[in-house]
Amino acid sequence: MGRKTFFCIDAHTCGNPVRVVAGGGPNLIGANMSEKRQHFLKEFDWIRKGLMFEPRGHDMMSGSILFPPHDSKNDFSILFIETSGCLPMCGHGTIGTITIAIEEGLISPKIPGKILMEAPAGLVKIEYQQTGKKVDWVKLTNVKSYLAAENLTVECPELGLLTFDVAYGGNYYAIIDPQKNFTGVQDFTAGKIVQYSQIVRKRINDKYPDLFIHPENGTIRDVSHLMWTGTPIDNNSSGRNAVFYGEKAIDRSPCGTGTSARMAQLYAKGKLKKGEDFIHESFIGSKFVGRIEEETSIKENLAIVPSVKGWAKIYGYNTIIIDDDDPYAHGFQVI
């Protein structure tokens, strides 16, 4: 590896970090971003670990690397790098990346105010509003999302038996709504949710192997995130969540793919209709506005095309060195 230098621009989306690698990213092989994601995982995952984990990152760190589009009609391609892995899609990461890319001139959209972004999970349509040099908001129309399973059960330490649904919004989410043994996210600390989630996610994937595999892309599989829901802080909000990802992270934003999965779940249950706003709160109270844009299907599964709208703020520039004479070149986590 030797010594590699990466120029990064840091921001946060509604409280959750986004680190865009604006210089130093690898050359990847593949006909699309799904194939290039596999190449990255095979040969370059040390970049993700070095930039996302301590000592250069932290447990909640999330980022992206930009690439040229594979189809000339589109504006750019993206690879998501996080402590939780190289995700097929990331909503808060998209909002932060678009904000950085527009404000810093990393991309020049073919149509101002609109962007076509190629993600490993598929094509994502984006709108944004800009005032002067600042991006006010970003709205992404996400990949098709659907309810994959419902009324499954898992044993949770201290709480006992829990019932949950699994929905897909770019990643697979186990959604745990208030019930007899779980009164709602408002009654638990983030530390407790992390403690439960570390065990519950493993138990879900062990109990239901091969159940959660995307019908059109077999590389997207298994529950990677848990969404614990509850009573909103603001009475005008539609819902509140604490999304667990990685090994010990709680999303500070309302979570874009999680909001998509949540809307797909509610739509399938008849609790949310096309065109209705879904105001989703994070654990810290920041908000995304979600909406069902279209009704569709994925193979035999009823699905939706969701949109998610939010904001991001740039807060710094980093020139980061990863040198193989550093014993912590590839990062570490203290779990």
# chains A, B, ... in the order shown; residues from 1 in each chain; ligands from 1

call {"tool": "residues_around", "arguments": {"residues": "segment 26-30 of chain A", "least_positions_apart": "6", "cutoff": "10 Å", "atoms": "only C-alpha atoms", "output": "JSON, numbers by chain"}}
result
{"A": [36, 37, 38, 39, 40, 43, 44, 47, 65, 67, 70]}

call {"tool": "write_last_selection", "arguments": {"atoms": "N, CA, C and O atoms", "output": "short mmCIF file (atom, residue, chain, number, x, y, z; two decimals), in the first residue's frame"}}
result
data_model
loop_
_atom_site.label_atom_id
_atom_site.label_comp_id
_atom_site.auth_asym_id
_atom_site.auth_seq_id
_atom_site.Cartn_x
_atom_site.Cartn_y
_atom_site.Cartn_z
N LYS A 36 -18.62 -2.46 -9.27
CA LYS A 36 -17.48 -1.73 -8.72
C LYS A 36 -17.46 -1.81 -7.19
O LYS A 36 -16.38 -1.80 -6.57
N ARG A 37 -18.63 -1.89 -6.58
CA ARG A 37 -18.70 -2.09 -5.12
C ARG A 37 -18.03 -3.41 -4.75
O ARG A 37 -17.29 -3.48 -3.75
N GLN A 38 -18.27 -4.45 -5.53
CA GLN A 38 -17.64 -5.75 -5.25
C GLN A 38 -16.12 -5.67 -5.41
O GLN A 38 -15.37 -6.26 -4.63
N HIS A 39 -15.66 -4.94 -6.42
CA HIS A 39 -14.22 -4.77 -6.61
C HIS A 39 -13.61 -4.01 -5.43
O HIS A 39 -12.53 -4.38 -4.92
N PHE A 40 -14.28 -2.96 -4.99
CA PHE A 40 -13.80 -2.18 -3.85
C PHE A 40 -13.69 -3.06 -2.61
O PHE A 40 -12.68 -3.04 -1.89
N GLU A 43 -10.58 -5.43 -2.91
CA GLU A 43 -9.21 -4.93 -2.97
C GLU A 43 -8.95 -3.62 -2.23
O GLU A 43 -7.80 -3.30 -1.91
N PHE A 44 -9.99 -2.84 -1.94
CA PHE A 44 -9.75 -1.50 -1.41
C PHE A 44 -10.50 -1.20 -0.12
O PHE A 44 -10.60 -0.03 0.27
N ILE A 47 -9.33 1.31 2.53
CA ILE A 47 -9.59 2.76 2.45
C ILE A 47 -10.78 3.11 3.34
O ILE A 47 -10.73 4.08 4.10
N ILE A 65 -17.41 8.19 -2.10
CA ILE A 65 -16.41 8.47 -3.13
C ILE A 65 -17.17 8.64 -4.44
O ILE A 65 -18.05 7.83 -4.77
N PHE A 67 -17.51 8.93 -8.66
CA PHE A 67 -16.95 8.37 -9.88
C PHE A 67 -17.74 8.91 -11.08
O PHE A 67 -18.88 9.34 -10.93
N HIS A 70 -21.73 5.73 -15.64
CA HIS A 70 -21.58 4.67 -16.64
C HIS A 70 -22.45 4.94 -17.86
O HIS A 70 -22.17 4.48 -18.95
#

call {"tool": "closest_residue", "arguments": {"among": "A:Gly331, A:Gly169, A:Gly285, A:Pro109", "to": "Gln265 of chain A", "atoms": "only C-alpha atoms"}}
result
A:Gly169

call {"tool": "select_by_dssp", "arguments": {"residues": "segment 115-304 of chain A", "states": "strand (DSSP E or B)", "output": "PyMOL selection string"}}
result
chain A and resi 115-119+122-131+134-141+145-156+160-168+172-176+179+182+213-214+217-221+223-230+239-245+249-250+277-281+287-298+301-304

call {"tool": "residues_around", "arguments": {"residues": "Thr296 of chain A", "least_positions_apart": "3", "cutoff": "8 Å", "atoms": "only C-alpha atoms", "output": "PDB file with C-alpha atoms, in the first residue's frame"}}
result
ATOM      1  CA  LYS A 144     -37.927   0.812  -5.055  1.00  0.00           C
ATOM      2  CA  LEU A 302     -45.823  -4.763  -3.749  1.00  0.00           C
ATOM      3  CA  ALA A 303     -43.457  -1.790  -3.597  1.00  0.00           C
ATOM      4  CA  ILE A 304     -43.222   1.992  -3.560  1.00  0.00           C
ATOM      5  CA  VAL A 305     -40.922   4.625  -4.993  1.00  0.00           C
TER       6      VAL A 305
END

call {"tool": "closest_residue", "arguments": {"among": "A:Ile213, A:Ile81, A:Ile107, A:Cys14", "to": "Phe288 of chain A", "atoms": "only C-alpha atoms"}}
result
A:Cys14

call {"tool": "residues_around", "arguments": {"residues": "segment 207-212 of chain A", "least_positions_apart": "3", "cutoff": "10 Å", "atoms": "only C-alpha atoms", "output": "mmCIF file with N, CA and C atoms, in the first residue's frame"}}
result
data_model
loop_
_atom_site.group_PDB
_atom_site.id
_atom_site.type_symbol
_atom_site.label_atom_id
_atom_site.label_comp_id
_atom_site.auth_asym_id
_atom_site.auth_seq_id
_atom_site.Cartn_x
_atom_site.Cartn_y
_atom_site.Cartn_z
ATOM 1 N N ALA A 148 -40.652 -6.726 3.228
ATOM 2 C CA ALA A 148 -40.153 -8.062 2.891
ATOM 3 C C ALA A 148 -40.747 -9.164 3.761
ATOM 4 N N ALA A 149 -41.072 -8.834 5.012
ATOM 5 C CA ALA A 149 -41.633 -9.843 5.932
ATOM 6 C C ALA A 149 -42.277 -9.119 7.098
ATOM 7 N N LEU A 152 -42.464 -11.291 12.422
ATOM 8 C CA LEU A 152 -41.417 -12.223 12.826
ATOM 9 C C LEU A 152 -41.100 -11.989 14.301
ATOM 10 N N THR A 153 -40.403 -12.918 14.937
ATOM 11 C CA THR A 153 -40.109 -12.795 16.361
ATOM 12 C C THR A 153 -38.631 -13.035 16.650
ATOM 13 N N VAL A 154 -38.169 -12.412 17.722
ATOM 14 C CA VAL A 154 -36.793 -12.600 18.174
ATOM 15 C C VAL A 154 -36.752 -12.346 19.680
ATOM 16 N N VAL A 166 -39.674 -6.644 8.543
ATOM 17 C CA VAL A 166 -38.452 -6.325 7.801
ATOM 18 C C VAL A 166 -38.856 -5.646 6.498
ATOM 19 N N ALA A 167 -38.276 -4.468 6.245
ATOM 20 C CA ALA A 167 -38.567 -3.724 5.021
ATOM 21 C C ALA A 167 -37.264 -3.288 4.380
ATOM 22 N N TYR A 168 -37.331 -3.117 3.067
ATOM 23 C CA TYR A 168 -36.160 -2.715 2.284
ATOM 24 C C TYR A 168 -36.340 -1.293 1.763
ATOM 25 N N TYR A 172 -31.751 -3.549 4.190
ATOM 26 C CA TYR A 172 -32.823 -4.240 4.903
ATOM 27 C C TYR A 172 -32.852 -3.809 6.374
ATOM 28 N N TYR A 173 -34.063 -3.435 6.816
ATOM 29 C CA TYR A 173 -34.289 -2.951 8.179
ATOM 30 C C TYR A 173 -35.247 -3.872 8.926
ATOM 31 N N ARG A 201 -29.758 -8.066 16.220
ATOM 32 C CA ARG A 201 -29.488 -8.175 14.782
ATOM 33 C C ARG A 201 -28.873 -9.525 14.433
ATOM 34 N N LYS A 202 -27.908 -9.960 15.224
ATOM 35 C CA LYS A 202 -27.276 -11.261 14.966
ATOM 36 C C LYS A 202 -28.289 -12.388 15.104
ATOM 37 N N ARG A 203 -29.134 -12.302 16.110
ATOM 38 C CA ARG A 203 -30.140 -13.347 16.308
ATOM 39 C C ARG A 203 -31.138 -13.389 15.152
ATOM 40 N N ILE A 204 -31.490 -12.216 14.619
ATOM 41 C CA ILE A 204 -32.418 -12.181 13.484
ATOM 42 C C ILE A 204 -31.802 -12.862 12.270
ATOM 43 N N PRO A 215 -34.683 -9.352 -4.546
ATOM 44 C CA PRO A 215 -35.148 -10.177 -5.671
ATOM 45 C C PRO A 215 -34.413 -9.920 -6.984
ATOM 46 N N GLY A 218 -28.722 -10.137 -5.846
ATOM 47 C CA GLY A 218 -28.387 -11.061 -4.773
ATOM 48 C C GLY A 218 -27.251 -10.610 -3.877
ATOM 49 N N ILE A 220 -27.276 -7.819 -2.342
ATOM 50 C CA ILE A 220 -27.919 -7.062 -1.267
ATOM 51 C C ILE A 220 -28.730 -8.047 -0.438
ATOM 52 N N ARG A 221 -28.304 -8.274 0.801
ATOM 53 C CA ARG A 221 -28.961 -9.306 1.592
ATOM 54 C C ARG A 221 -28.764 -9.067 3.094
ATOM 55 N N ASP A 222 -29.620 -9.712 3.870
ATOM 56 C CA ASP A 222 -29.569 -9.750 5.333
ATOM 57 C C ASP A 222 -29.928 -8.400 5.964
ATOM 58 N N VAL A 223 -30.373 -8.475 7.204
ATOM 59 C CA VAL A 223 -30.716 -7.280 7.971
ATOM 60 C C VAL A 223 -29.419 -6.609 8.409
#

call {"tool": "residues_around", "arguments": {"residues": "segment 88-97 of chain A", "least_positions_apart": "2", "cutoff": "9 Å", "atoms": "only C-alpha atoms", "output": "PDB file with N, CA and C atoms, in the first residue's frame"}}
result
ATOM      1  N   ASP A  10     -15.746  17.395   4.831  1.00  0.00           N
ATOM      2  CA  ASP A  10     -16.633  16.881   5.870  1.00  0.00           C
ATOM      3  C   ASP A  10     -17.877  17.744   6.038  1.00  0.00           C
ATOM      4  N   ALA A  11     -18.993  17.069   6.272  1.00  0.00           N
ATOM      5  CA  ALA A  11     -20.271  17.748   6.509  1.00  0.00           C
ATOM      6  C   ALA A  11     -21.109  16.872   7.437  1.00  0.00           C
ATOM      7  N   HIS A  12     -22.287  17.365   7.765  1.00  0.00           N
ATOM      8  CA  HIS A  12     -23.252  16.507   8.470  1.00  0.00           C
ATOM      9  C   HIS A  12     -24.628  16.711   7.857  1.00  0.00           C
ATOM     10  N   THR A  13     -25.385  15.649   7.812  1.00  0.00           N
ATOM     11  CA  THR A  13     -26.772  15.689   7.348  1.00  0.00           C
ATOM     12  C   THR A  13     -27.676  15.548   8.563  1.00  0.00           C
ATOM     13  N   CYS A  14     -28.323  16.636   8.926  1.00  0.00           N
ATOM     14  CA  CYS A  14     -29.238  16.613  10.083  1.00  0.00           C
ATOM     15  C   CYS A  14     -28.582  15.990  11.313  1.00  0.00           C
ATOM     16  N   ASN A  16     -25.844  13.770  11.300  1.00  0.00           N
ATOM     17  CA  ASN A  16     -25.022  12.582  11.054  1.00  0.00           C
ATOM     18  C   ASN A  16     -23.919  12.895  10.051  1.00  0.00           C
ATOM     19  N   PRO A  17     -22.692  12.449  10.312  1.00  0.00           N
ATOM     20  CA  PRO A  17     -21.552  12.876   9.504  1.00  0.00           C
ATOM     21  C   PRO A  17     -21.527  12.302   8.092  1.00  0.00           C
ATOM     22  N   VAL A  18     -20.927  13.059   7.194  1.00  0.00           N
ATOM     23  CA  VAL A  18     -20.676  12.631   5.815  1.00  0.00           C
ATOM     24  C   VAL A  18     -19.283  13.127   5.430  1.00  0.00           C
ATOM     25  N   ARG A  19     -18.401  12.220   5.055  1.00  0.00           N
ATOM     26  CA  ARG A  19     -17.040  12.575   4.625  1.00  0.00           C
ATOM     27  C   ARG A  19     -16.897  12.186   3.159  1.00  0.00           C
ATOM     28  N   VAL A  20     -16.838  13.169   2.275  1.00  0.00           N
ATOM     29  CA  VAL A  20     -16.690  12.908   0.849  1.00  0.00           C
ATOM     30  C   VAL A  20     -15.204  12.888   0.489  1.00  0.00           C
ATOM     31  N   MET A  33     -22.101   0.394 -10.730  1.00  0.00           N
ATOM     32  CA  MET A  33     -21.606   0.605  -9.369  1.00  0.00           C
ATOM     33  C   MET A  33     -21.788  -0.623  -8.488  1.00  0.00           C
ATOM     34  N   SER A  34     -22.707  -1.497  -8.816  1.00  0.00           N
ATOM     35  CA  SER A  34     -22.834  -2.731  -8.056  1.00  0.00           C
ATOM     36  C   SER A  34     -21.585  -3.590  -8.248  1.00  0.00           C
ATOM     37  N   ARG A  37     -18.630  -1.889  -6.579  1.00  0.00           N
ATOM     38  CA  ARG A  37     -18.698  -2.093  -5.125  1.00  0.00           C
ATOM     39  C   ARG A  37     -18.027  -3.408  -4.748  1.00  0.00           C
ATOM     40  N   SER A  62     -19.436   8.251   8.330  1.00  0.00           N
ATOM     41  CA  SER A  62     -20.042   7.802   7.082  1.00  0.00           C
ATOM     42  C   SER A  62     -19.461   8.636   5.961  1.00  0.00           C
ATOM     43  N   GLY A  63     -19.289   8.034   4.779  1.00  0.00           N
ATOM     44  CA  GLY A  63     -18.680   8.796   3.701  1.00  0.00           C
ATOM     45  C   GLY A  63     -19.042   8.294   2.327  1.00  0.00           C
ATOM     46  N   SER A  64     -18.388   8.873   1.322  1.00  0.00           N
ATOM     47  CA  SER A  64     -18.662   8.482  -0.056  1.00  0.00           C
ATOM     48  C   SER A  64     -17.471   8.842  -0.948  1.00  0.00           C
ATOM     49  N   ILE A  65     -17.408   8.192  -2.102  1.00  0.00           N
ATOM     50  CA  ILE A  65     -16.414   8.474  -3.129  1.00  0.00           C
ATOM     51  C   ILE A  65     -17.167   8.645  -4.444  1.00  0.00           C
ATOM     52  N   LEU A  66     -16.828   9.674  -5.205  1.00  0.00           N
ATOM     53  CA  LEU A  66     -17.520   9.963  -6.454  1.00  0.00           C
ATOM     54  C   LEU A  66     -16.749   9.395  -7.648  1.00  0.00           C
ATOM     55  N   ILE A  78     -21.667   6.867  -7.380  1.00  0.00           N
ATOM     56  CA  ILE A  78     -21.255   7.032  -5.988  1.00  0.00           C
ATOM     57  C   ILE A  78     -21.017   5.677  -5.336  1.00  0.00           C
ATOM     58  N   LEU A  79     -20.019   5.664  -4.463  1.00  0.00           N
ATOM     59  CA  LEU A  79     -19.758   4.507  -3.608  1.00  0.00           C
ATOM     60  C   LEU A  79     -19.867   4.981  -2.174  1.00  0.00           C
ATOM     61  N   PHE A  80     -20.648   4.290  -1.377  1.00  0.00           N
ATOM     62  CA  PHE A  80     -20.822   4.666   0.021  1.00  0.00           C
ATOM     63  C   PHE A  80     -19.862   3.868   0.899  1.00  0.00           C
ATOM     64  N   CYS A  86     -19.743  -1.113   3.118  1.00  0.00           N
ATOM     65  CA  CYS A  86     -19.859  -0.428   1.833  1.00  0.00           C
ATOM     66  C   CYS A  86     -21.300  -0.624   1.364  1.00  0.00           C
ATOM     67  N   THR A  99     -24.911  18.026  -1.334  1.00  0.00           N
ATOM     68  CA  THR A  99     -24.651  19.367  -0.798  1.00  0.00           C
ATOM     69  C   THR A  99     -23.186  19.738  -0.979  1.00  0.00           C
ATOM     70  N   ILE A 100     -22.299  18.823  -0.605  1.00  0.00           N
ATOM     71  CA  ILE A 100     -20.862  19.066  -0.758  1.00  0.00           C
ATOM     72  C   ILE A 100     -20.491  19.220  -2.228  1.00  0.00           C
ATOM     73  N   ALA A 101     -20.975  18.296  -3.059  1.00  0.00           N
ATOM     74  CA  ALA A 101     -20.588  18.279  -4.476  1.00  0.00           C
ATOM     75  C   ALA A 101     -21.018  19.544  -5.208  1.00  0.00           C
ATOM     76  N   ILE A 102     -22.203  20.077  -4.885  1.00  0.00           N
ATOM     77  CA  ILE A 102     -22.684  21.300  -5.534  1.00  0.00           C
ATOM     78  C   ILE A 102     -21.952  22.523  -4.998  1.00  0.00           C
ATOM     79  N   ALA A 119     -26.076   4.646  -7.978  1.00  0.00           N
ATOM     80  CA  ALA A 119     -25.641   4.008  -6.733  1.00  0.00           C
ATOM     81  C   ALA A 119     -25.564   2.499  -6.948  1.00  0.00           C
ATOM     82  N   PRO A 120     -24.861   1.776  -6.085  1.00  0.00           N
ATOM     83  CA  PRO A 120     -24.845   0.316  -6.217  1.00  0.00           C
ATOM     84  C   PRO A 120     -26.244  -0.306  -6.209  1.00  0.00           C
ATOM     85  N   ALA A 121     -27.180   0.332  -5.491  1.00  0.00           N
ATOM     86  CA  ALA A 121     -28.548  -0.191  -5.423  1.00  0.00           C
ATOM     87  C   ALA A 121     -29.380   0.172  -6.640  1.00  0.00           C
ATOM     88  N   GLY A 122     -28.894   1.102  -7.479  1.00  0.00           N
ATOM     89  CA  GLY A 122     -29.651   1.505  -8.664  1.00  0.00           C
ATOM     90  C   GLY A 122     -29.591   3.006  -8.889  1.00  0.00           C
ATOM     91  N   TRP A 137     -31.732  22.560   0.431  1.00  0.00           N
ATOM     92  CA  TRP A 137     -32.245  21.215   0.710  1.00  0.00           C
ATOM     93  C   TRP A 137     -31.961  20.304  -0.473  1.00  0.00           C
ATOM     94  N   VAL A 138     -31.993  19.005  -0.191  1.00  0.00           N
ATOM     95  CA  VAL A 138     -31.825  17.972  -1.212  1.00  0.00           C
ATOM     96  C   VAL A 138     -32.956  16.973  -1.053  1.00  0.00           C
ATOM     97  N   LYS A 139     -33.580  16.634  -2.161  1.00  0.00           N
ATOM     98  CA  LYS A 139     -34.644  15.629  -2.156  1.00  0.00           C
ATOM     99  C   LYS A 139     -34.240  14.493  -3.093  1.00  0.00           C
ATOM    100  N   LEU A 140     -34.158  13.300  -2.564  1.00  0.00           N
ATOM    101  CA  LEU A 140     -33.803  12.151  -3.383  1.00  0.00           C
ATOM    102  C   LEU A 140     -35.013  11.252  -3.587  1.00  0.00           C
ATOM    103  N   ASN A 142     -35.747   7.692  -4.119  1.00  0.00           N
ATOM    104  CA  ASN A 142     -34.938   6.511  -3.810  1.00  0.00           C
ATOM    105  C   ASN A 142     -35.287   5.311  -4.694  1.00  0.00           C
ATOM    106  N   VAL A 143     -34.552   4.249  -4.486  1.00  0.00           N
ATOM    107  CA  VAL A 143     -34.818   2.989  -5.188  1.00  0.00           C
ATOM    108  C   VAL A 143     -36.142   2.399  -4.690  1.00  0.00           C
ATOM    109  N   GLY A 169     -35.316  -0.456   1.949  1.00  0.00           N
ATOM    110  CA  GLY A 169     -35.349   0.903   1.416  1.00  0.00           C
ATOM    111  C   GLY A 169     -34.007   1.298   0.826  1.00  0.00           C
ATOM    112  N   GLY A 170     -33.247   0.277   0.376  1.00  0.00           N
ATOM    113  CA  GLY A 170     -31.869   0.464  -0.059  1.00  0.00           C
ATOM    114  C   GLY A 170     -30.941  -0.393   0.770  1.00  0.00           C
ATOM    115  N   ASN A 171     -31.394  -0.737   1.969  1.00  0.00           N
ATOM    116  CA  ASN A 171     -30.811  -1.721   2.886  1.00  0.00           C
ATOM    117  C   ASN A 171     -31.996  -2.387   3.589  1.00  0.00           C
ATOM    118  N   THR A 219     -26.508  -9.548  -4.270  1.00  0.00           N
ATOM    119  CA  THR A 219     -25.439  -9.043  -3.406  1.00  0.00           C
ATOM    120  C   THR A 219     -25.990  -8.197  -2.260  1.00  0.00           C
ATOM    121  N   ILE A 220     -27.276  -7.819  -2.342  1.00  0.00           N
ATOM    122  CA  ILE A 220     -27.919  -7.062  -1.267  1.00  0.00           C
ATOM    123  C   ILE A 220     -28.730  -8.047  -0.438  1.00  0.00           C
ATOM    124  N   SER A 253     -29.228  11.292  12.145  1.00  0.00           N
ATOM    125  CA  SER A 253     -30.253  11.780  11.223  1.00  0.00           C
ATOM    126  C   SER A 253     -31.450  10.828  11.278  1.00  0.00           C
ATOM    127  N   PRO A 254     -32.561  11.196  10.643  1.00  0.00           N
ATOM    128  CA  PRO A 254     -33.718  10.287  10.621  1.00  0.00           C
ATOM    129  C   PRO A 254     -33.502   9.051   9.742  1.00  0.00           C
ATOM    130  N   CYS A 255     -32.385   9.020   8.973  1.00  0.00           N
ATOM    131  CA  CYS A 255     -31.996   7.885   8.139  1.00  0.00           C
ATOM    132  C   CYS A 255     -32.826   7.836   6.853  1.00  0.00           C
ATOM    133  N   GLY A 256     -32.156   8.026   5.723  1.00  0.00           N
ATOM    134  CA  GLY A 256     -32.864   8.091   4.446  1.00  0.00           C
ATOM    135  C   GLY A 256     -33.383   6.759   3.950  1.00  0.00           C
ATOM    136  N   THR A 257     -32.516   5.736   3.923  1.00  0.00           N
ATOM    137  CA  THR A 257     -33.001   4.420   3.495  1.00  0.00           C
ATOM    138  C   THR A 257     -33.945   3.843   4.540  1.00  0.00           C
ATOM    139  N   GLY A 258     -33.724   4.231   5.815  1.00  0.00           N
ATOM    140  CA  GLY A 258     -34.633   3.791   6.868  1.00  0.00           C
ATOM    141  C   GLY A 258     -36.005   4.427   6.741  1.00  0.00           C
ATOM    142  N   THR A 259     -36.036   5.712   6.401  1.00  0.00           N
ATOM    143  CA  THR A 259     -37.317   6.382   6.168  1.00  0.00           C
ATOM    144  C   THR A 259     -38.039   5.745   4.990  1.00  0.00           C
ATOM    145  N   SER A 260     -37.289   5.375   3.951  1.00  0.00           N
ATOM    146  CA  SER A 260     -37.877   4.695   2.788  1.00  0.00           C
ATOM    147  C   SER A 260     -38.459   3.342   3.189  1.00  0.00           C
ATOM    148  N   VAL A 308     -37.167  11.302  -0.150  1.00  0.00           N
ATOM    149  CA  VAL A 308     -36.730  11.771   1.166  1.00  0.00           C
ATOM    150  C   VAL A 308     -36.052  13.119   0.983  1.00  0.00           C
ATOM    151  N   LYS A 309     -36.462  14.085   1.796  1.00  0.00           N
ATOM    152  CA  LYS A 309     -35.944  15.459   1.686  1.00  0.00           C
ATOM    153  C   LYS A 309     -35.296  15.875   3.000  1.00  0.00           C
ATOM    154  N   GLY A 310     -34.074  16.451   2.897  1.00  0.00           N
ATOM    155  CA  GLY A 310     -33.385  16.913   4.088  1.00  0.00           C
ATOM    156  C   GLY A 310     -32.318  17.930   3.737  1.00  0.00           C
ATOM    157  N   TRP A 311     -31.482  18.277   4.709  1.00  0.00           N
ATOM    158  CA  TRP A 311     -30.461  19.310   4.519  1.00  0.00           C
ATOM    159  C   TRP A 311     -29.129  18.836   5.099  1.00  0.00           C
ATOM    160  N   ALA A 312     -28.065  19.519   4.675  1.00  0.00           N
ATOM    161  CA  ALA A 312     -26.728  19.206   5.191  1.00  0.00           C
ATOM    162  C   ALA A 312     -25.900  20.479   5.269  1.00  0.00           C
ATOM    163  N   LYS A 313     -24.857  20.448   6.102  1.00  0.00           N
ATOM    164  CA  LYS A 313     -23.964  21.601   6.279  1.00  0.00           C
ATOM    165  C   LYS A 313     -22.509  21.141   6.252  1.00  0.00           C
ATOM    166  N   ILE A 314     -21.703  21.819   5.431  1.00  0.00           N
ATOM    167  CA  ILE A 314     -20.266  21.556   5.401  1.00  0.00           C
ATOM    168  C   ILE A 314     -19.621  22.182   6.636  1.00  0.00           C
TER     169      ILE A 314
END

call {"tool": "residues_around", "arguments": {"residues": "Glu293 of chain A", "least_positions_apart": "5", "cutoff": "8 Å", "atoms": "only C-alpha atoms", "output": "PyMOL selection string"}}
result
chain A and resi 141+274-275+304-307

call {"tool": "write_last_selection", "arguments": {"atoms": "C-alpha atoms", "output": "compact mmCIF listing (two decimals), in the first residue's frame"}}
result
# COMPACT_ATOMS: atom_id res chain seq x y z
CA THR A 141 -36.21 9.80 -5.11
CA LYS A 274 -49.29 7.89 -2.00
CA GLY A 275 -48.65 11.65 -1.87
CA ILE A 304 -43.22 1.99 -3.56
CA VAL A 305 -40.92 4.62 -4.99
CA PRO A 306 -40.19 6.87 -1.97
CA SER A 307 -38.66 10.31 -1.76

call {"tool": "closest_residue", "arguments": {"among": "A:Thr231, A:Ser238, A:Asn301, A:Thr5", "to": "Gly50 of chain A", "atoms": "only C-alpha atoms"}}
result
A:Thr5

call {"tool": "decode", "arguments": {"residues": "segment 218-229 of chain A", "atoms": "C-alpha atoms", "output": "PDB file, in the first residue's frame"}}
result
ATOM      1  CA  GLY A 218     -28.387 -11.061  -4.773  1.00  0.00           C
ATOM      2  CA  THR A 219     -25.439  -9.043  -3.406  1.00  0.00           C
ATOM      3  CA  ILE A 220     -27.919  -7.062  -1.267  1.00  0.00           C
ATOM      4  CA  ARG A 221     -28.961  -9.306   1.592  1.00  0.00           C
ATOM      5  CA  ASP A 222     -29.569  -9.750   5.333  1.00  0.00           C
ATOM      6  CA  VAL A 223     -30.716  -7.280   7.971  1.00  0.00           C
ATOM      7  CA  SER A 224     -27.998  -4.643   8.313  1.00  0.00           C
ATOM      8  CA  HIS A 225     -29.983  -2.051  10.288  1.00  0.00           C
ATOM      9  CA  LEU A 226     -32.474  -2.065  13.168  1.00  0.00           C
ATOM     10  CA  MET A 227     -35.126   0.629  13.506  1.00  0.00           C
ATOM     11  CA  TRP A 228     -36.665   1.126  16.938  1.00  0.00           C
ATOM     12  CA  THR A 229     -39.691   3.420  16.739  1.00  0.00           C
TER      13      THR A 229
END
